[in-house]
Amino acid sequence: MNVERKKVTIYTDGACIRNPGPGGYGVVLIHGEHRKELSGGYRQTTSNRMELMAAIVGLRALKTDCDVTLWSDSAYLVNQMRGRIPERWMRNGWRNSDKKPVLNRDLWEQLMAARHRHEVRFSKVRGHAGNMENERCDRLARDAAEREDLPEDLGYKG
């Protein structure tokens, strides 16, 4: 039986008040007429970690296998995923091309696991260029970073 997958669009963004510093992520999921917004943050983290976290949270929110277009303004996220670089890092024992440990390995591993059951196309959106959904994610991320009760980012090694 060939079950057609849901087509979902996810917009993501991460932000830090200082880098490193308090950070947040924002996610907008869209499927047809349905829309869901998610956000969260950490009291000490980096903007790159928040970009990755946004993608992880967005993909984890999907309850069934989906065809996903994930839009991000993060070249850090989109370029690595388009180039299949994390797969190379895994094969090389999570070492980069300079034989150094990969930064943010904990989140790259989570992202690879979160995308495993979905067909995901990572696409770049120009940040702060008027894309309504990207602007909304940016607002969600910034608002989250300003919360008073942020938890510790256990994976951040600053």
# chains A, B, ... in the order shown; residues from 1 in each chain; ligands from 1
$ residues_around --residues "segment 151-155 of chain A" --least-positions-apart "6" --cutoff "10 Å" --atoms "only C-alpha atoms" --output "count of residues only"
14
$ select_by_dssp --residues "segment 20-154 of chain A" --states "alpha helix (DSSP H)" --output "ChimeraX atom specification"
/A:47-60,75-82,85-91,105-115,132-145
$ closest_residue --among "A:Arg84, A:Arg147, A:Lys157, A:His118" --to "Arg60 of chain A" --atoms "only C-alpha atoms"
A:His118
$ atom_distance --atom1 "atom CA of Val3 of chain A" --atom2 "atom CA of Ser72 of chain A"
28.1 Å
$ residues_around --residues "Gly26 of chain A" --least-positions-apart "5" --cutoff "10 Å" --atoms "only C-alpha atoms" --output "VMD selection string"
chain A and resid 11 to 15 37 to 41 50 to 51 53 to 55 57 to 58 134 to 145
$ residues_around --residues "Asp67 of chain A" --least-positions-apart "4" --cutoff "8 Å" --atoms "only C-alpha atoms" --output "ChimeraX atom specification"
/A:5-8,118-120
$ write_last_selection --atoms "all heavy atoms" --output "PDB file, in the first residue's frame"
ATOM      1  N   ARG A   5       2.419  10.873   1.568  1.00  0.00           N
ATOM      2  CA  ARG A   5       2.882  11.632   2.726  1.00  0.00           C
ATOM      3  C   ARG A   5       2.267  13.033   2.728  1.00  0.00           C
ATOM      4  O   ARG A   5       2.039  13.612   1.680  1.00  0.00           O
ATOM      5  CB  ARG A   5       4.396  11.793   2.678  1.00  0.00           C
ATOM      6  CG  ARG A   5       5.183  10.531   2.835  1.00  0.00           C
ATOM      7  CD  ARG A   5       6.655  10.878   2.619  1.00  0.00           C
ATOM      8  NE  ARG A   5       7.505   9.735   2.710  1.00  0.00           N
ATOM      9  CZ  ARG A   5       8.404   9.559   3.671  1.00  0.00           C
ATOM     10  NH1 ARG A   5       8.559  10.453   4.606  1.00  0.00           N
ATOM     11  NH2 ARG A   5       9.151   8.489   3.684  1.00  0.00           N
ATOM     12  N   LYS A   6       2.089  13.564   3.918  1.00  0.00           N
ATOM     13  CA  LYS A   6       1.656  14.951   4.054  1.00  0.00           C
ATOM     14  C   LYS A   6       2.791  15.856   3.595  1.00  0.00           C
ATOM     15  O   LYS A   6       3.960  15.573   3.842  1.00  0.00           O
ATOM     16  CB  LYS A   6       1.338  15.278   5.511  1.00  0.00           C
ATOM     17  CG  LYS A   6       0.109  14.621   6.042  1.00  0.00           C
ATOM     18  CD  LYS A   6      -0.106  15.048   7.491  1.00  0.00           C
ATOM     19  CE  LYS A   6      -1.331  14.378   8.058  1.00  0.00           C
ATOM     20  NZ  LYS A   6      -1.513  14.708   9.481  1.00  0.00           N
ATOM     21  N   LYS A   7       2.418  16.938   2.946  1.00  0.00           N
ATOM     22  CA  LYS A   7       3.396  17.940   2.539  1.00  0.00           C
ATOM     23  C   LYS A   7       3.355  19.065   3.569  1.00  0.00           C
ATOM     24  O   LYS A   7       2.324  19.701   3.777  1.00  0.00           O
ATOM     25  CB  LYS A   7       3.086  18.458   1.147  1.00  0.00           C
ATOM     26  CG  LYS A   7       3.307  17.374   0.094  1.00  0.00           C
ATOM     27  CD  LYS A   7       3.069  17.869  -1.297  1.00  0.00           C
ATOM     28  CE  LYS A   7       3.193  16.820  -2.362  1.00  0.00           C
ATOM     29  NZ  LYS A   7       3.632  15.524  -2.039  1.00  0.00           N
ATOM     30  N   VAL A   8       4.487  19.277   4.225  1.00  0.00           N
ATOM     31  CA  VAL A   8       4.583  20.251   5.308  1.00  0.00           C
ATOM     32  C   VAL A   8       5.693  21.245   4.987  1.00  0.00           C
ATOM     33  O   VAL A   8       6.756  20.867   4.493  1.00  0.00           O
ATOM     34  CB  VAL A   8       4.884  19.550   6.654  1.00  0.00           C
ATOM     35  CG1 VAL A   8       5.050  20.558   7.776  1.00  0.00           C
ATOM     36  CG2 VAL A   8       3.791  18.545   6.993  1.00  0.00           C
ATOM     37  N   HIS A 118      11.600  11.365   7.498  1.00  0.00           N
ATOM     38  CA  HIS A 118      10.955  12.311   6.587  1.00  0.00           C
ATOM     39  C   HIS A 118      11.800  12.507   5.329  1.00  0.00           C
ATOM     40  O   HIS A 118      13.003  12.258   5.337  1.00  0.00           O
ATOM     41  CB  HIS A 118      10.776  13.674   7.271  1.00  0.00           C
ATOM     42  CG  HIS A 118      10.082  13.592   8.588  1.00  0.00           C
ATOM     43  ND1 HIS A 118       8.752  13.271   8.712  1.00  0.00           N
ATOM     44  CD2 HIS A 118      10.545  13.772   9.851  1.00  0.00           C
ATOM     45  CE1 HIS A 118       8.422  13.265   9.993  1.00  0.00           C
ATOM     46  NE2 HIS A 118       9.495  13.563  10.705  1.00  0.00           N
ATOM     47  N   GLU A 119      11.162  12.972   4.274  1.00  0.00           N
ATOM     48  CA  GLU A 119      11.874  13.462   3.096  1.00  0.00           C
ATOM     49  C   GLU A 119      11.991  14.966   3.305  1.00  0.00           C
ATOM     50  O   GLU A 119      10.976  15.660   3.275  1.00  0.00           O
ATOM     51  CB  GLU A 119      11.098  13.149   1.817  1.00  0.00           C
ATOM     52  CG  GLU A 119      11.092  11.695   1.424  1.00  0.00           C
ATOM     53  CD  GLU A 119      12.483  11.202   1.034  1.00  0.00           C
ATOM     54  OE1 GLU A 119      13.272  11.982   0.456  1.00  0.00           O
ATOM     55  OE2 GLU A 119      12.766  10.027   1.317  1.00  0.00           O
ATOM     56  N   VAL A 120      13.192  15.450   3.542  1.00  0.00           N
ATOM     57  CA  VAL A 120      13.372  16.857   3.891  1.00  0.00           C
ATOM     58  C   VAL A 120      14.228  17.558   2.851  1.00  0.00           C
ATOM     59  O   VAL A 120      15.313  17.084   2.513  1.00  0.00           O
ATOM     60  CB  VAL A 120      14.030  17.020   5.282  1.00  0.00           C
ATOM     61  CG1 VAL A 120      14.113  18.497   5.662  1.00  0.00           C
ATOM     62  CG2 VAL A 120      13.278  16.235   6.346  1.00  0.00           C
TER      63      VAL A 120
END
